[in-house]
$ cat coords_22.pdb   # PDB, C-alpha atoms
ATOM      1  CA  MET A 950     -12.341 -50.347 -10.969
ATOM      2  CA  ARG A 951     -13.731 -49.663  -7.494
ATOM      3  CA  THR A 952     -10.417 -50.671  -5.927
ATOM      4  CA  LEU A 953      -8.509 -48.335  -8.242
ATOM      5  CA  LEU A 954     -10.916 -45.498  -7.517
ATOM      6  CA  SER A 955     -10.595 -46.086  -3.777
ATOM      7  CA  LEU A 956      -6.795 -46.000  -3.995
ATOM      8  CA  LEU A 957      -6.961 -42.786  -6.012
ATOM      9  CA  LEU A 958      -9.198 -41.114  -3.423
ATOM     10  CA  LEU A 959      -6.928 -42.218  -0.597
ATOM     11  CA  THR A 960      -3.916 -40.824  -2.431
ATOM     12  CA  ILE A 961      -5.625 -37.477  -2.971
ATOM     13  CA  ALA A 962      -6.657 -37.329   0.696
ATOM     14  CA  ALA A 963      -3.075 -37.996   1.775
ATOM     15  CA  VAL A 964      -1.683 -35.043  -0.172
ATOM     16  CA  PRO A 965      -1.436 -31.903   2.032
ATOM     17  CA  ALA A 966      -3.934 -29.224   1.112
ATOM     18  CA  ALA A 967      -2.616 -26.261  -0.857
ATOM     19  CA  ALA A 968      -1.711 -23.296   1.250
ATOM     20  CA  GLY A 969      -4.334 -21.154  -0.423
ATOM     21  CA  TYR A 970      -1.774 -18.377  -0.819
ATOM     22  CA  LYS A 971       0.481 -18.012  -3.826
ATOM     23  CA  SER A 972       2.991 -15.675  -2.222
ATOM     24  CA  GLY A 973       4.081 -14.128   1.027
ATOM     25  CA  GLU A 974       2.578 -10.849  -0.122
ATOM     26  CA  GLU A 975      -0.839 -12.506  -0.231
ATOM     27  CA  VAL A 976      -0.360 -13.745   3.334
ATOM     28  CA  LEU A 977       0.651 -10.278   4.530
ATOM     29  CA  THR A 978      -2.308  -8.747   2.704
ATOM     30  CA  ALA A 979      -4.710 -11.134   4.432
ATOM     31  CA  MET A 980      -3.196 -10.333   7.832
ATOM     32  CA  HIS A 981      -3.442  -6.602   7.243
ATOM     33  CA  LYS A 982      -6.993  -6.751   5.910
ATOM     34  CA  LYS A 983      -8.270  -8.830   8.836
ATOM     35  CA  TYR A 984      -7.058  -6.488  11.563
ATOM     36  CA  GLU A 985      -6.220  -3.069  10.123
ATOM     37  CA  LYS A 986      -9.355  -1.488  11.599
ATOM     38  CA  LYS A 987      -9.139  -3.387  14.905
ATOM     39  CA  TRP A 988      -5.481  -3.608  15.868
ATOM     40  CA  TYR A 989      -4.268  -1.342  18.639
ATOM     41  CA  ALA A 990      -1.746   1.427  17.974
ATOM     42  CA  THR A 991      -0.259   1.466  21.476
ATOM     43  CA  LEU A 992       0.618  -1.240  23.977
ATOM     44  CA  THR A 993       2.338  -1.397  27.370
ATOM     45  CA  PHE A 994       3.207  -4.383  29.543
ATOM     46  CA  GLU A 995       5.454  -5.696  32.287
ATOM     47  CA  GLN A 996       7.801  -8.471  31.214
ATOM     48  CA  ALA A 997       9.536 -11.172  33.230
ATOM     49  CA  THR A 998      12.601 -12.149  31.194
ATOM     50  CA  THR A 999      14.277 -15.443  32.048
ATOM     51  CA  ASN A1000      17.664 -16.289  30.536
ATOM     52  CA  TYR A1001      18.840 -19.894  30.646
ATOM     53  CA  LYS A1002      22.518 -20.798  30.979
ATOM     54  CA  PRO A1003      24.218 -23.890  29.497
ATOM     55  CA  ASP A1004      24.587 -25.383  32.987
ATOM     56  CA  GLY A1005      20.810 -25.405  33.426
ATOM     57  CA  THR A1006      20.587 -22.455  35.800
ATOM     58  CA  SER A1007      18.611 -19.328  34.969
ATOM     59  CA  THR A1008      18.201 -15.691  35.959
ATOM     60  CA  THR A1009      15.056 -13.595  35.761
ATOM     61  CA  SER A1010      14.742  -9.832  35.438
ATOM     62  CA  VAL A1011      11.825  -7.443  35.000
ATOM     63  CA  TRP A1012      11.465  -5.128  32.030
ATOM     64  CA  TYR A1013       8.841  -2.491  31.259
ATOM     65  CA  GLU A1014       7.892  -1.955  27.632
ATOM     66  CA  ALA A1015       5.940   0.545  25.563
ATOM     67  CA  LEU A1016       5.045   0.008  21.914
ATOM     68  CA  ALA A1017       3.624   2.282  19.268
ATOM     69  CA  ALA A1018       2.861   0.602  15.951
ATOM     70  CA  PRO A1019       4.286   0.774  13.467
ATOM     71  CA  GLY A1020       7.945   0.599  14.330
ATOM     72  CA  LYS A1021       8.474   1.883  17.869
ATOM     73  CA  LEU A1022       9.376  -0.060  21.001
ATOM     74  CA  ARG A1023      10.904   1.121  24.259
ATOM     75  CA  ILE A1024      12.307  -1.201  26.937
ATOM     76  CA  ASP A1025      13.246  -0.018  30.427
ATOM     77  CA  PHE A1026      15.333  -2.463  32.466
ATOM     78  CA  THR A1027      15.096  -2.669  36.227
ATOM     79  CA  PRO A1028      16.316  -1.246  38.523
ATOM     80  CA  LEU A1029      14.827   1.815  36.868
ATOM     81  CA  ASP A1030      17.102   4.274  38.641
ATOM     82  CA  LYS A1031      20.018   3.005  36.511
ATOM     83  CA  HIS A1032      18.313   4.371  33.375
ATOM     84  CA  GLU A1033      19.210   1.413  31.192
ATOM     85  CA  GLY A1034      17.271   0.049  28.269
ATOM     86  CA  VAL A1035      16.720  -0.007  24.523
ATOM     87  CA  ILE A1036      14.773   2.011  21.980
ATOM     88  CA  PHE A1037      13.748   0.686  18.571
ATOM     89  CA  ALA A1038      12.569   3.476  16.299
ATOM     90  CA  GLU A1039      12.805   4.448  12.630
ATOM     91  CA  ASN A1040      14.511   1.100  11.909
ATOM     92  CA  LYS A1041      17.324   1.860  14.340
ATOM     93  CA  ARG A1042      18.353   0.365  17.678
ATOM     94  CA  TYR A1043      19.597   2.586  20.524
ATOM     95  CA  SER A1044      21.142   1.047  23.649
ATOM     96  CA  PHE A1045      21.475   2.919  26.954
ATOM     97  CA  ARG A1046      23.695   2.150  29.923
ATOM     98  CA  ASP A1047      23.926   4.171  33.138
ATOM     99  CA  GLY A1048      21.776   6.873  31.582
ATOM    100  CA  LYS A1049      23.984   7.337  28.518
ATOM    101  CA  LEU A1050      23.715   6.241  24.906
ATOM    102  CA  ALA A1051      25.975   3.191  24.642
ATOM    103  CA  GLY A1052      25.484   2.577  20.936
ATOM    104  CA  SER A1053      23.174   2.804  17.956
ATOM    105  CA  ARG A1054      22.858   1.010  14.638
ATOM    106  CA  ASP A1055      20.479   0.338  11.790
ATOM    107  CA  PHE A1056      18.145  -2.467  12.757
ATOM    108  CA  VAL A1057      14.810  -3.814  11.509
ATOM    109  CA  HIS A1058      13.152  -5.716  14.360
ATOM    110  CA  PRO A1059      11.438  -8.694  12.677
ATOM    111  CA  LEU A1060       9.274  -9.443  15.706
ATOM    112  CA  LEU A1061       7.890  -5.917  15.656
ATOM    113  CA  VAL A1062       7.225  -6.183  11.937
ATOM    114  CA  LEU A1063       5.488  -9.573  12.082
ATOM    115  CA  GLY A1064       3.796  -9.372  15.471
ATOM    116  CA  PHE A1065       2.479  -5.817  15.347
ATOM    117  CA  ASP A1066       3.450  -3.523  12.466
ATOM    118  CA  VAL A1067       2.018  -5.748   9.727
ATOM    119  CA  TYR A1068      -1.471  -4.728  10.853
ATOM    120  CA  LYS A1069      -0.753  -0.988  10.982
ATOM    121  CA  GLN A1070       1.382  -0.184   7.935
ATOM    122  CA  PRO A1071       1.085  -0.700   4.147
ATOM    123  CA  VAL A1072       1.654  -4.260   2.974
ATOM    124  CA  ALA A1073       4.349  -3.074   0.568
ATOM    125  CA  THR A1074       6.317  -1.628   3.495
ATOM    126  CA  THR A1075       6.112  -4.873   5.465
ATOM    127  CA  ALA A1076       7.088  -6.942   2.422
ATOM    128  CA  ALA A1077      10.128  -4.767   1.712
ATOM    129  CA  LEU A1078      11.336  -5.006   5.307
ATOM    130  CA  LEU A1079      10.987  -8.792   5.348
ATOM    131  CA  ARG A1080      12.788  -9.185   2.037
ATOM    132  CA  GLY A1081      15.561  -7.058   3.480
ATOM    133  CA  HIS A1082      15.688  -9.513   6.357
ATOM    134  CA  GLY A1083      16.405 -12.311   3.901
ATOM    135  CA  ILE A1084      12.953 -13.909   3.713
ATOM    136  CA  ASP A1085      11.933 -15.231   0.287
ATOM    137  CA  LEU A1086       8.294 -14.231  -0.076
ATOM    138  CA  SER A1087       7.832 -16.447  -3.126
ATOM    139  CA  LEU A1088       7.923 -19.628  -1.009
ATOM    140  CA  VAL A1089       4.707 -20.601   0.766
ATOM    141  CA  HIS A1090       3.435 -23.881   2.181
ATOM    142  CA  GLU A1091       1.399 -25.249   5.095
ATOM    143  CA  GLU A1092       2.493 -27.118   8.210
ATOM    144  CA  THR A1093       0.889 -28.294  11.444
ATOM    145  CA  TRP A1094       1.987 -26.207  14.405
ATOM    146  CA  GLN A1095       0.749 -26.730  17.961
ATOM    147  CA  ASN A1096      -2.220 -28.745  16.655
ATOM    148  CA  LYS A1097      -3.241 -25.992  14.257
ATOM    149  CA  THR A1098      -2.576 -25.226  10.606
ATOM    150  CA  ALA A1099       0.170 -22.706   9.965
ATOM    151  CA  VAL A1100       1.123 -20.943   6.763
ATOM    152  CA  VAL A1101       4.901 -20.884   6.335
ATOM    153  CA  VAL A1102       6.553 -18.155   4.262
ATOM    154  CA  GLY A1103      10.202 -18.251   3.221
ATOM    155  CA  ALA A1104      11.006 -21.955   2.978
ATOM    156  CA  ASN A1105      10.062 -25.196   1.272
ATOM    157  CA  ARG A1106       8.584 -28.109   3.200
ATOM    158  CA  GLY A1107      11.235 -29.756   5.374
ATOM    159  CA  ASP A1108      13.530 -26.713   5.406
ATOM    160  CA  LEU A1109      13.960 -25.507   8.984
ATOM    161  CA  THR A1110      17.107 -23.444   8.455
ATOM    162  CA  SER A1111      16.220 -20.761   5.902
ATOM    163  CA  PRO A1112      14.780 -17.438   7.167
ATOM    164  CA  GLN A1113      11.017 -18.006   7.457
ATOM    165  CA  PHE A1114       7.946 -16.978   9.401
ATOM    166  CA  TRP A1115       4.890 -18.977  10.390
ATOM    167  CA  ILE A1116       1.352 -17.589  10.632
ATOM    168  CA  ASP A1117      -1.671 -19.215  12.269
ATOM    169  CA  LYS A1118      -3.933 -19.826   9.273
ATOM    170  CA  LYS A1119      -7.228 -19.316  11.104
ATOM    171  CA  ASP A1120      -6.504 -16.178  13.112
ATOM    172  CA  LEU A1121      -3.704 -14.813  10.882
ATOM    173  CA  LEU A1122      -1.392 -14.209  13.835
ATOM    174  CA  PHE A1123       2.384 -14.568  13.811
ATOM    175  CA  VAL A1124       3.506 -17.671  15.741
ATOM    176  CA  ARG A1125       7.060 -18.595  14.724
ATOM    177  CA  LEU A1126      10.252 -17.162  13.232
ATOM    178  CA  ILE A1127      13.272 -19.217  12.169
ATOM    179  CA  GLU A1128      16.501 -17.629  10.979
ATOM    180  CA  PRO A1129      20.271 -18.117  11.012
ATOM    181  CA  GLY A1130      21.960 -16.316  13.901
ATOM    182  CA  GLY A1131      25.226 -15.701  15.668
ATOM    183  CA  LYS A1132      28.273 -13.859  14.355
ATOM    184  CA  ASP A1133      28.933 -16.441  11.652
ATOM    185  CA  LYS A1134      25.220 -17.173  11.007
ATOM    186  CA  LYS A1135      25.795 -20.859  11.791
ATOM    187  CA  ASN A1136      23.287 -21.062  14.632
ATOM    188  CA  ILE A1137      19.580 -21.540  14.041
ATOM    189  CA  GLN A1138      17.491 -19.141  16.089
ATOM    190  CA  GLU A1139      13.802 -19.736  16.656
ATOM    191  CA  THR A1140      11.221 -17.435  18.217
ATOM    192  CA  GLN A1141       7.735 -18.514  19.229
ATOM    193  CA  PHE A1142       4.772 -16.269  20.017
ATOM    194  CA  ASN A1143       2.479 -18.325  22.292
ATOM    195  CA  ASP A1144      -0.512 -17.855  24.582
ATOM    196  CA  TYR A1145      -2.287 -15.232  22.493
ATOM    197  CA  ARG A1146      -4.854 -13.203  24.402
ATOM    198  CA  LYS A1147      -7.530 -11.035  22.865
ATOM    199  CA  VAL A1148      -7.462  -7.414  23.981
ATOM    200  CA  LYS A1149      -9.893  -4.546  23.907
ATOM    201  CA  GLY A1150     -10.788  -3.475  20.390
ATOM    202  CA  GLY A1151     -10.167  -6.818  18.693
ATOM    203  CA  GLY A1152      -6.403  -7.193  18.525
ATOM    204  CA  TRP A1153      -4.267  -9.846  20.208
ATOM    205  CA  VAL A1154      -1.128 -10.011  22.373
ATOM    206  CA  SER A1155       1.147 -13.021  22.757
ATOM    207  CA  ALA A1156       1.670 -13.248  26.524
ATOM    208  CA  GLU A1157       4.484 -15.790  26.202
ATOM    209  CA  VAL A1158       7.511 -15.522  23.913
ATOM    210  CA  LYS A1159      10.190 -18.202  23.697
ATOM    211  CA  PHE A1160      13.630 -18.002  22.114
ATOM    212  CA  PHE A1161      15.662 -21.059  21.119
ATOM    213  CA  ILE A1162      19.205 -21.458  19.783
ATOM    214  CA  ASP A1163      19.878 -24.691  17.922
ATOM    215  CA  GLY A1164      16.791 -26.219  19.489
ATOM    216  CA  LYS A1165      17.686 -25.347  23.085
ATOM    217  CA  ILE A1166      15.703 -22.841  25.121
ATOM    218  CA  ALA A1167      17.665 -19.617  25.618
ATOM    219  CA  THR A1168      15.152 -17.046  26.861
ATOM    220  CA  THR A1169      11.500 -16.817  27.811
ATOM    221  CA  GLU A1170       9.343 -13.734  28.215
ATOM    222  CA  ALA A1171       6.105 -13.612  30.211
ATOM    223  CA  TYR A1172       3.878 -10.545  29.842
ATOM    224  CA  THR A1173       1.595  -9.209  32.552
ATOM    225  CA  ASN A1174      -0.262  -5.939  33.171
ATOM    226  CA  ILE A1175      -1.063  -5.830  29.435
ATOM    227  CA  ARG A1176      -2.837  -2.651  28.347
ATOM    228  CA  THR A1177      -3.674  -1.253  24.908
ATOM    229  CA  GLY A1178      -5.101   1.854  23.307
ATOM    230  CA  MET A1179      -3.677   4.461  25.653
ATOM    231  CA  THR A1180      -2.105   7.790  24.687
ATOM    232  CA  LEU A1181       1.682   7.662  24.929
ATOM    233  CA  SER A1182       4.119  10.523  24.576
ATOM    234  CA  PRO A1183       6.187  10.335  21.365
ATOM    235  CA  LEU A1184       9.152  11.427  23.486
ATOM    236  CA  LEU A1185       9.331   7.873  24.853
ATOM    237  CA  TRP A1186      11.053   6.868  21.617
ATOM    238  CA  ASP A1187      13.273   9.932  21.310
ATOM    239  CA  PRO A1188      16.867   8.824  22.123
ATOM    240  CA  GLU A1189      17.737  12.304  23.355
ATOM    241  CA  LYS A1190      14.906  12.147  25.917
ATOM    242  CA  PHE A1191      15.546   8.626  27.192
ATOM    243  CA  THR A1192      16.425   9.645  30.745
ATOM    244  CA  THR A1193      14.226  12.750  31.058
ATOM    245  CA  VAL A1194      10.848  11.653  29.699
ATOM    246  CA  ASP A1195       8.163  10.558  32.162
ATOM    247  CA  ARG A1196       8.485   6.750  32.253
ATOM    248  CA  ASN A1197       5.315   6.036  34.192
ATOM    249  CA  TYR A1198       3.661   4.592  31.075
ATOM    250  CA  TRP A1199       3.145   1.187  32.736
ATOM    251  CA  ARG A1200       1.014   2.588  35.568
TER     252      ARG A1200
END

$ encode --input "coords_22.pdb" --output "structure tokens"
Amino acid sequence: MRTLLSLLLLTIAAVPAAAGYKSGEEVLTAMHKKYEKKWYATLTFEQATTNYKPDGTSTTSVWYEALAAPGKLRIDFTPLDKHEGVIFAENKRYSFRDGKLAGSRDFVHPLLVLGFDVYKQPVATTAALLRGHGIDLSLVHEETWQNKTAVVVGANRGDLTSPQFWIDKKDLLFVRLIEPGGKDKKNIQETQFNDYRKVKGGGWVSAEVKFFIDGKIATTEAYTNIRTGMTLSPLLWDPEKFTTVDRNYWR
């Protein structure tokens, strides 16, 4: 009897613990509740963007970025006198080249939604945007990620191809996104938010972001001069004011 009981206890211990969440909505609710009164509304930083080529070489450029949560991000590429960059606002993406609008299209930026907006907008809004991105919020399980426990939403255990996001269970911070990519959706794209740093007021910023395509590193982003909580002009995210607005937000 003791041997049977011991085997039963060992079997129970070997079974992964339940995620504690029954749905993705519950995960998003926990994230929102933990930080809604602490998370910053504005953020600026300088970004070193390194793109890796198939031959192993790489190029690095500097970008300046301004964020207003929920839903607004501006990127200014250097050299600044070329007036090139991108605006994400109102679920649209505007691209600028040589000071002129080069194109615009509907676009929900999942990294904005999961890394920032989730803490500053209604849970129902976040859930709807993620469903629209193809993430099944009914699927939840736990995994080990970077020696910590992560809650995975959008996939069953062992599935690393379906659209899914990973959240650090303890701090309720977004750490990983996996989704099909490319024109034919046959590539697997992965984004990691690493090196989280606590900022004034209680929120966090991931100072290192990594992008992979089919398991190979494609791009890295390193953030410096991170500042939060400042007043930023709403004109920064107005496509018609891209070249005329004061862009000294990073100073």

$ resolve_selection --input "coords_22.pdb" --expression "the PyMOL selection byres ((chain A and resi 987) around 10)" --output "number ranges by chain"
A: 982-986, 988-990, 1068-1069, 1149-1153

$ resolve_selection --input "coords_22.pdb" --expression "the PyMOL selection byres ((chain A and resi 1031-1038) around 12)" --output "count of residues only"
58

$ atom_distance --input "coords_22.pdb" --atom1 "CA of Asp1163 in chain A" --atom2 "CA of Gln1138 in chain A"
6.3 Å

$ residues_around --input "coords_22.pdb" --residues "Leu1121 in chain A" --least-positions-apart "5" --cutoff "8 Å" --atoms "all atoms listed in the file" --output "list in words"
Ala979, Met980, Lys983 and Ile1116 of chain A

$ closest_residue --input "coords_22.pdb" --among "A:Thr993, A:Gln1141, A:His981, A:Glu974" --to "Tyr1198 in chain A" --atoms "all atoms listed in the file"
A:Thr993

$ closest_residue --input "coords_22.pdb" --among "A:Asn1096, A:Thr991, A:Thr1180, A:Ser1087" --to "Tyr970 in chain A" --atoms "all atoms listed in the file"
A:Ser1087

$ closest_residue --input "coords_22.pdb" --among "A:Ile1137, A:Asp1066, A:Gly1130, A:Asn1174" --to "Asp1108 in chain A" --atoms "all atoms listed in the file"
A:Ile1137

$ residues_near_point --input "coords_22.pdb" --point "(-4.4, -16.5, 13.5)" --cutoff "12 Å" --atoms "all atoms listed in the file" --output "MDAnalysis selection string"
chainID A and resid 976 979:981 983:984 1064 1094 1097:1100 1115:1125 1142:1147 1152:1155

$ closest_residue --input "coords_22.pdb" --among "A:Lys971, A:Leu977, A:Gly1131, A:Asp1004" --to "Phe1065 in chain A" --atoms "all atoms listed in the file"
A:Leu977

$ atom_distance --input "coords_22.pdb" --atom1 "CA of Thr1110 in chain A" --atom2 "CA of Thr978 in chain A"
25.0 Å

$ build_atoms --input "coords_22.pdb" --residues "range 982-993 of chain A" --atoms "N, CA and C atoms" --output "JSON list (two decimals), keeping the file's coordinate frame"
[["chain", "number", "residue", "atom", "x", "y", "z"],
["A", 982, "LYS", "N", -5.57, -6.98, 6.15],
["A", 982, "LYS", "CA", -6.99, -6.75, 5.91],
["A", 982, "LYS", "C", -7.85, -7.19, 7.09],
["A", 983, "LYS", "N", -7.46, -8.29, 7.74],
["A", 983, "LYS", "CA", -8.27, -8.83, 8.84],
["A", 983, "LYS", "C", -8.30, -7.91, 10.05],
["A", 984, "TYR", "N", -7.17, -7.22, 10.30],
["A", 984, "TYR", "CA", -7.06, -6.49, 11.56],
["A", 984, "TYR", "C", -6.78, -4.99, 11.44],
["A", 985, "GLU", "N", -6.66, -4.46, 10.25],
["A", 985, "GLU", "CA", -6.22, -3.07, 10.12],
["A", 985, "GLU", "C", -7.13, -2.08, 10.83],
["A", 986, "LYS", "N", -8.42, -2.40, 10.95],
["A", 986, "LYS", "CA", -9.36, -1.49, 11.60],
["A", 986, "LYS", "C", -9.57, -1.84, 13.07],
["A", 987, "LYS", "N", -8.93, -2.93, 13.53],
["A", 987, "LYS", "CA", -9.14, -3.39, 14.90],
["A", 987, "LYS", "C", -7.87, -3.31, 15.75],
["A", 988, "TRP", "N", -6.73, -3.45, 15.11],
["A", 988, "TRP", "CA", -5.48, -3.61, 15.87],
["A", 988, "TRP", "C", -5.11, -2.33, 16.60],
["A", 989, "TYR", "N", -4.64, -2.48, 17.81],
["A", 989, "TYR", "CA", -4.27, -1.34, 18.64],
["A", 989, "TYR", "C", -3.02, -0.64, 18.10],
["A", 990, "ALA", "N", -2.92, 0.65, 18.38],
["A", 990, "ALA", "CA", -1.75, 1.43, 17.97],
["A", 990, "ALA", "C", -0.73, 1.54, 19.09],
["A", 991, "THR", "N", -1.17, 1.36, 20.34],
["A", 991, "THR", "CA", -0.26, 1.47, 21.48],
["A", 991, "THR", "C", -0.46, 0.28, 22.41],
["A", 992, "LEU", "N", 0.62, -0.08, 23.10],
["A", 992, "LEU", "CA", 0.62, -1.24, 23.98],
["A", 992, "LEU", "C", 1.67, -1.04, 25.06],
["A", 993, "THR", "N", 1.34, -1.37, 26.30],
["A", 993, "THR", "CA", 2.34, -1.40, 27.37],
["A", 993, "THR", "C", 2.18, -2.70, 28.15]]
